[in-house]
Structure formats: C-alpha cells, structure tokens
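Novice: Could you have a look at this structure, given as structure tokens, before my questions?
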Amino acid sequence: MEIAMKSHVGCVRQVNEDYFACTADETGRVLAIVADGMGGHQAGDVASRMAVERILQELRLVDRDLTPVDEREVLMNAVLSANEAVYSYAESHPECSGMGTTVVVALINQEGGVTAHIGDSRLYLYSEGGLRQQTEDHSLVQELLKSGQITVQEASFHPRRNVLMRALGTERNVRIDLGDFSWSDGDIVLLCSDGLTNKVPPAVMETWMEKPIPLQEKVDGLVQFALDAGGEDNITLIAVSNTASAVDAGQEEG
C-alpha cells in the first residue's frame with residue numbers, strides 16, 4: 001500500500017484543531033485516523049489529539065490474525081476508550097468543558113478494511129466504479145436530508161451544516177458506527193475532515209483520483225482546491241492506495 005497525507009490550518013483559523021495519524025505494521029496492515037476537534041483553542045485541539053493518541057495506543061498491538069468481526073470489535077472498543085478519555089478530561093478541566101471531536105478510523109489490509117466513525121469526518125472509497133462515500137455524517141443536515149426536509153443542494157449551504165448530532169467526548173456513552181469494505185489493486189481509500197468536504201464536491205474529488213499523477217500530488221491538489229475555495233476551516237486528508245508497493249512501517253501524525 002501507498003500512503004499520502006496532508007493537514008492545513010486553512011485561510012482563516014489560527015489553530016489547527018484537526019489531528020491525524022497513519023501507521024503501518026510489519027505485515028503492511030495500515031491504521032489511519034482523522035479527528036476534527038471542536039470547542040475552540042485549548043479544547044478542540046486537545047480533544048482531537050487525545051482521541052487519536054488513545055486509539056493508536058489501544059490498537060498498537062492488535063493481533064494480526066484477527067477475523068474481520070474481531071477487528072470491528074477491537075476498533076469499536078478503541079474508539080469507546082478514546083471517548084472515555086476525552087470525556088473524563090473535560091470533566092476534570094473546566095476550561096475544556098464541552099469539548100469533543102469527530103473521529104473516522106480504518107484498519108486496512110490488502111483485501112479490504114474495517115471502519116469506525118462518529119461525527120462528520122468521512123471515509124470514501126475510489127475504485128473503477130467511481131468515488132463512493134462509505135460513512136454517513138452524524139449531523140443535523142444529514143438528518144434533514146434523510147427526512148426529505150432539504151435537498152442536497154440546500155444542504156451545501158445550510159446555515160447549521162456544522163451542527164453535529166453525535167461526537168466523541170461530549171457524552172459518557174456514545175454510539176459508534178462500524179463498517180467494512182473490500183478493495184482491489186488501484187483502489188484508494190480517503191479519510192478526511194469536513195474542511196475538505198465542505199469545499200470540494202465529490203465530482204472534483206473523483207476527478208483528482210483519476211489523474212495519472214503520484215498519490216501525494218492528488219492529496220496536495222485536493223487540499224489546495226479547498227484553500228482556493230475559501231479554506232475557512234482546517235483541512236485534513238489521508239489517502240491509502242492499494243498497490244504492490246511496500247509500506248513504511250513507521251508512523252506519521254499531526
């Protein structure tokens with residue numbers, strides 16, 4: 001597998017409340033995480049970093065021979081552990097009261113992967129069939145869309161499109177959505193914060209994935225597109241491509 005990633009504070013904000021990590025073990029299995037914190041400086045950035053670091057810690061020594069069902073359970077437990085950590089920290093630090101974060105995480109091998117998410121950070125799968133969103137936002141706008149109260153076009157400009165119905169760390173007990181996917185050689189998995197998806201339409205994301213350029217250039221191009229479109233929010237994107245290339249077993253986060 002090949003990995004490319006980029007995070008940018010954007011054109012308006014002073015602090016990057018997104019946090020991300022991508023690691024690979026000796027078998028080539030990849031763990032990718034994107035978190036988008038909320039609660040302002042000294043709260044949102046704390047929440048996102050704490051969540052990512054706790055998930056990394058919980059999954060660092062995961063058995064390589066787990067079945068997909070077991071992997072889903074391990075993934076869910078890791079995210080729930082992160083929720084407890086963020087919630088407890090906010091309770092004991094009044095200046096961080098109300099902080100929380102979105103999380104989208106994928107544990108990926110050569111055949112496919114398992115996913116967990118809460119909030120509106122997303123995971124997409126690009127393949128020969130095009131770009132498909134694999135996660136469903138836990139947002140007010142998504143609920144309005146599902147109930148037919150607004151259209152897709154209206155959702156793009158809805159004044160409350162950033163209101164979340166679920167986030168990690170805001171309650172002691174939260175519900176995590178789990179998923180899985182299979183993929184083939186040449187397919188690409190994308191994990192991103194809403195700083196990207198609020199500015200880059202799916203059709204543009206698909207066009208960039210189709211370009212015959214290196215994976216990092218695809219990622220850089222999408223982040224730049226979001227910046228050129230205003231970049232009011234932090235922007236984070238991780239791309240993992242299914243290739244015959246070996247993956248570095250090191251870790252990158254930020």
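By convention here, the chains of the structure tokens are called A, B, ... in the order presented, each chain's residues are numbered starting at 1, and ligands are numbered starting at 1 in the order presented.
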Could you tell me, as a PyMOL selection string, which residues of segment 118-165 of chain A DSSP assigns to strand (DSSP E or B) when given the backbone?
Specialist: chain A and resi 118+122-127+130-133+139+164
Novice: Next, write the just-selected residues to a file, as a short mmCIF file (atom, residue, chain, number, x, y, z; two decimals), in the first residue's frame, keeping N, CA, C and O atoms as the atom set.
Specialist:
```cif
data_model
loop_
_atom_site.label_atom_id
_atom_site.label_comp_id
_atom_site.auth_asym_id
_atom_site.auth_seq_id
_atom_site.Cartn_x
_atom_site.Cartn_y
_atom_site.Cartn_z
N ILE A 118 -17.56 8.54 14.13
CA ILE A 118 -18.58 9.33 14.82
C ILE A 118 -18.35 10.79 14.44
O ILE A 118 -17.22 11.26 14.39
N ARG A 122 -15.21 11.96 7.19
CA ARG A 122 -15.70 10.92 6.27
C ARG A 122 -14.62 9.96 5.78
O ARG A 122 -13.43 10.28 5.81
N LEU A 123 -15.10 8.82 5.28
CA LEU A 123 -14.26 7.88 4.57
C LEU A 123 -14.90 7.60 3.22
O LEU A 123 -16.10 7.32 3.13
N TYR A 124 -14.10 7.71 2.16
CA TYR A 124 -14.53 7.42 0.79
C TYR A 124 -13.69 6.28 0.24
O TYR A 124 -12.54 6.07 0.63
N LEU A 125 -14.27 5.56 -0.72
CA LEU A 125 -13.54 4.54 -1.46
C LEU A 125 -13.62 4.88 -2.94
O LEU A 125 -14.71 5.03 -3.51
N TYR A 126 -12.45 5.04 -3.55
CA TYR A 126 -12.39 5.28 -5.00
C TYR A 126 -11.97 3.99 -5.69
O TYR A 126 -10.97 3.36 -5.34
N SER A 127 -12.77 3.58 -6.70
CA SER A 127 -12.47 2.38 -7.47
C SER A 127 -12.90 2.60 -8.91
O SER A 127 -13.27 3.72 -9.29
N GLY A 130 -16.02 4.47 -9.50
CA GLY A 130 -16.09 5.88 -9.11
C GLY A 130 -15.84 6.05 -7.62
O GLY A 130 -15.34 5.15 -6.94
N LEU A 131 -16.21 7.22 -7.11
CA LEU A 131 -15.99 7.56 -5.71
C LEU A 131 -17.27 7.30 -4.92
O LEU A 131 -18.34 7.78 -5.29
N ARG A 132 -17.16 6.55 -3.82
CA ARG A 132 -18.34 6.23 -3.00
C ARG A 132 -18.06 6.60 -1.55
O ARG A 132 -17.03 6.21 -0.99
N GLN A 133 -18.99 7.34 -0.96
CA GLN A 133 -18.88 7.67 0.46
C GLN A 133 -19.28 6.45 1.27
O GLN A 133 -20.37 5.89 1.10
N SER A 139 -24.88 14.45 11.55
CA SER A 139 -25.09 15.90 11.58
C SER A 139 -26.57 16.23 11.44
O SER A 139 -27.37 15.42 10.97
N LEU A 164 -23.45 19.03 14.88
CA LEU A 164 -23.33 17.58 14.97
C LEU A 164 -24.38 17.00 15.91
O LEU A 164 -24.68 17.57 16.95
#
```
Novice: Do you know which residues are at most 12 Å from Ser156 of chain A counting only C-alpha atoms, after dropping those on the same chain fewer than 6 positions away, and could you put them as a list in words?
Specialist: Val141, Gln142, Leu145, Ile150, Asn162, Asp194, Thr197, Asn198, Lys199, Val200, Pro201 and Pro202 of chain A
Novice: Once you count only C-alpha atoms, what closest atom pair and distance in Å to one decimal does each residue of segment 32-116 of chain A within 9 Å of segment 167-171 of chain A have, with rows by chain and rising residue number, as CSV?
Specialist:
```
residue,atom,partner,partner_atom,distance
A:Ala47,CA,A:Gly169,CA,7.5
A:Ala51,CA,A:Leu168,CA,8.2
A:Val79,CA,A:Leu168,CA,8.3
A:Leu80,CA,A:Leu168,CA,8.3
A:Ala82,CA,A:Gly169,CA,7.7
A:Asn83,CA,A:Gly169,CA,4.6
A:Glu84,CA,A:Gly169,CA,6.7
A:Ala85,CA,A:Gly169,CA,7.5
A:Val86,CA,A:Gly169,CA,4.8
A:Tyr87,CA,A:Gly169,CA,4.4
A:Ser88,CA,A:Gly169,CA,8.1
A:Tyr89,CA,A:Gly169,CA,8.9
A:Ala90,CA,A:Gly169,CA,8.0
A:Ser97,CA,A:Thr170,CA,8.9
A:Gly98,CA,A:Thr170,CA,6.1
A:Met99,CA,A:Thr170,CA,6.5
A:Gly100,CA,A:Gly169,CA,4.7
A:Thr101,CA,A:Leu168,CA,5.2
A:Thr102,CA,A:Ala167,CA,5.4
A:Val103,CA,A:Leu168,CA,7.1
```
Novice: Could the residues in this selection be saved with N, CA, C and O atoms as a PDB file, in the first residue's frame?
Specialist:
```pdb
ATOM      1  N   ALA A  47      -8.871  17.677  22.337  1.00  0.00           N
ATOM      2  CA  ALA A  47      -9.768  16.541  22.146  1.00  0.00           C
ATOM      3  C   ALA A  47      -9.336  15.674  20.969  1.00  0.00           C
ATOM      4  O   ALA A  47      -9.298  14.442  21.073  1.00  0.00           O
ATOM      5  N   ALA A  51      -7.866  11.866  21.348  1.00  0.00           N
ATOM      6  CA  ALA A  51      -8.601  10.754  20.741  1.00  0.00           C
ATOM      7  C   ALA A  51      -7.703   9.924  19.842  1.00  0.00           C
ATOM      8  O   ALA A  51      -7.688   8.683  19.923  1.00  0.00           O
ATOM      9  N   VAL A  79     -12.210   3.138  20.017  1.00  0.00           N
ATOM     10  CA  VAL A  79     -12.874   4.442  19.905  1.00  0.00           C
ATOM     11  C   VAL A  79     -13.654   4.756  21.178  1.00  0.00           C
ATOM     12  O   VAL A  79     -13.661   5.908  21.648  1.00  0.00           O
ATOM     13  N   LEU A  80     -14.281   3.757  21.763  1.00  0.00           N
ATOM     14  CA  LEU A  80     -15.003   3.970  23.020  1.00  0.00           C
ATOM     15  C   LEU A  80     -14.040   4.334  24.148  1.00  0.00           C
ATOM     16  O   LEU A  80     -14.359   5.164  25.015  1.00  0.00           O
ATOM     17  N   ALA A  82     -11.285   5.987  23.701  1.00  0.00           N
ATOM     18  CA  ALA A  82     -10.939   7.383  23.424  1.00  0.00           C
ATOM     19  C   ALA A  82     -12.043   8.315  23.898  1.00  0.00           C
ATOM     20  O   ALA A  82     -11.783   9.403  24.424  1.00  0.00           O
ATOM     21  N   ASN A  83     -13.296   7.880  23.715  1.00  0.00           N
ATOM     22  CA  ASN A  83     -14.417   8.698  24.182  1.00  0.00           C
ATOM     23  C   ASN A  83     -14.346   8.898  25.696  1.00  0.00           C
ATOM     24  O   ASN A  83     -14.526  10.018  26.204  1.00  0.00           O
ATOM     25  N   GLU A  84     -14.074   7.830  26.419  1.00  0.00           N
ATOM     26  CA  GLU A  84     -13.973   7.916  27.881  1.00  0.00           C
ATOM     27  C   GLU A  84     -12.836   8.853  28.288  1.00  0.00           C
ATOM     28  O   GLU A  84     -12.975   9.657  29.223  1.00  0.00           O
ATOM     29  N   ALA A  85     -11.710   8.770  27.573  1.00  0.00           N
ATOM     30  CA  ALA A  85     -10.560   9.611  27.903  1.00  0.00           C
ATOM     31  C   ALA A  85     -10.877  11.089  27.707  1.00  0.00           C
ATOM     32  O   ALA A  85     -10.564  11.929  28.557  1.00  0.00           O
ATOM     33  N   VAL A  86     -11.493  11.425  26.573  1.00  0.00           N
ATOM     34  CA  VAL A  86     -11.803  12.828  26.272  1.00  0.00           C
ATOM     35  C   VAL A  86     -12.872  13.353  27.228  1.00  0.00           C
ATOM     36  O   VAL A  86     -12.763  14.467  27.767  1.00  0.00           O
ATOM     37  N   TYR A  87     -13.902  12.557  27.473  1.00  0.00           N
ATOM     38  CA  TYR A  87     -14.993  12.985  28.357  1.00  0.00           C
ATOM     39  C   TYR A  87     -14.478  13.218  29.779  1.00  0.00           C
ATOM     40  O   TYR A  87     -14.803  14.230  30.416  1.00  0.00           O
ATOM     41  N   SER A  88     -13.670  12.303  30.278  1.00  0.00           N
ATOM     42  CA  SER A  88     -13.144  12.419  31.639  1.00  0.00           C
ATOM     43  C   SER A  88     -12.220  13.622  31.771  1.00  0.00           C
ATOM     44  O   SER A  88     -12.239  14.322  32.797  1.00  0.00           O
ATOM     45  N   TYR A  89     -11.426  13.877  30.743  1.00  0.00           N
ATOM     46  CA  TYR A  89     -10.526  15.032  30.767  1.00  0.00           C
ATOM     47  C   TYR A  89     -11.326  16.333  30.835  1.00  0.00           C
ATOM     48  O   TYR A  89     -11.006  17.237  31.612  1.00  0.00           O
ATOM     49  N   ALA A  90     -12.376  16.431  30.025  1.00  0.00           N
ATOM     50  CA  ALA A  90     -13.206  17.638  30.018  1.00  0.00           C
ATOM     51  C   ALA A  90     -13.887  17.842  31.370  1.00  0.00           C
ATOM     52  O   ALA A  90     -14.024  18.974  31.838  1.00  0.00           O
ATOM     53  N   SER A  97     -14.553  22.330  29.135  1.00  0.00           N
ATOM     54  CA  SER A  97     -15.931  21.847  29.223  1.00  0.00           C
ATOM     55  C   SER A  97     -16.631  21.917  27.869  1.00  0.00           C
ATOM     56  O   SER A  97     -16.567  22.936  27.179  1.00  0.00           O
ATOM     57  N   GLY A  98     -17.270  20.814  27.488  1.00  0.00           N
ATOM     58  CA  GLY A  98     -17.997  20.787  26.220  1.00  0.00           C
ATOM     59  C   GLY A  98     -17.165  20.424  25.012  1.00  0.00           C
ATOM     60  O   GLY A  98     -17.680  20.359  23.891  1.00  0.00           O
ATOM     61  N   MET A  99     -15.869  20.173  25.222  1.00  0.00           N
ATOM     62  CA  MET A  99     -15.036  19.848  24.057  1.00  0.00           C
ATOM     63  C   MET A  99     -15.401  18.465  23.516  1.00  0.00           C
ATOM     64  O   MET A  99     -15.967  17.625  24.210  1.00  0.00           O
ATOM     65  N   GLY A 100     -15.079  18.259  22.273  1.00  0.00           N
ATOM     66  CA  GLY A 100     -15.336  16.973  21.638  1.00  0.00           C
ATOM     67  C   GLY A 100     -14.598  16.900  20.323  1.00  0.00           C
ATOM     68  O   GLY A 100     -13.844  17.810  19.958  1.00  0.00           O
ATOM     69  N   THR A 101     -14.806  15.828  19.602  1.00  0.00           N
ATOM     70  CA  THR A 101     -14.123  15.662  18.325  1.00  0.00           C
ATOM     71  C   THR A 101     -14.861  14.637  17.470  1.00  0.00           C
ATOM     72  O   THR A 101     -15.535  13.747  17.988  1.00  0.00           O
ATOM     73  N   THR A 102     -14.753  14.788  16.182  1.00  0.00           N
ATOM     74  CA  THR A 102     -15.163  13.733  15.272  1.00  0.00           C
ATOM     75  C   THR A 102     -14.018  12.734  15.198  1.00  0.00           C
ATOM     76  O   THR A 102     -12.873  13.068  15.523  1.00  0.00           O
ATOM     77  N   VAL A 103     -14.305  11.531  14.771  1.00  0.00           N
ATOM     78  CA  VAL A 103     -13.264  10.538  14.519  1.00  0.00           C
ATOM     79  C   VAL A 103     -13.711   9.653  13.359  1.00  0.00           C
ATOM     80  O   VAL A 103     -14.855   9.195  13.328  1.00  0.00           O
TER      81      VAL A 103
END
```
Novice: Hey, which of A:Ile176, A:Leu56, A:Leu191, A:Leu66 ends up closest to Asn109 of chain A? Count only C-alpha atoms.
Specialist: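 Once distances to Asn109 of chain A are computed over only C-alpha atoms, the minimum belongs to A:Leu66.
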Novice: Would you pick out the contacts of Leu140 of chain A at 10 Å or less, using only C-alpha atoms, so that residues sharing its chain but fewer than 2 positions from it are not included, and give the list as a list of chain:residue names?
Specialist: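 Here the answer would be A:Asp137, A:His138, A:Gln142, A:Glu143, A:Leu144, A:Leu145, A:Lys146, A:Ala155, A:His158, A:Arg160, A:Arg161, A:Asn162, A:Val163, A:Leu164, A:Met165, A:Arg166.
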Novice: State, in Å with one decimal place, the distance from atom CA of Ala43 of chain A to atom CA of Tyr19 of chain A.
Specialist: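 Here the two named atoms are 12.6 Å from each other.
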Novice: Can you pull out every residue within 12 Å of Ile55 of chain A, counting only C-alpha atoms, but drop anything in the same chain fewer than 6 positions away, and send it as JSON, numbers by chain?
Specialist: {"A": [20, 21, 22, 23, 31, 32, 33, 34, 35, 48, 49, 61, 62, 74, 75, 76, 77, 78, 79, 80, 81, 82, 83, 84, 85, 86, 103, 104, 105, 106, 107, 116]}
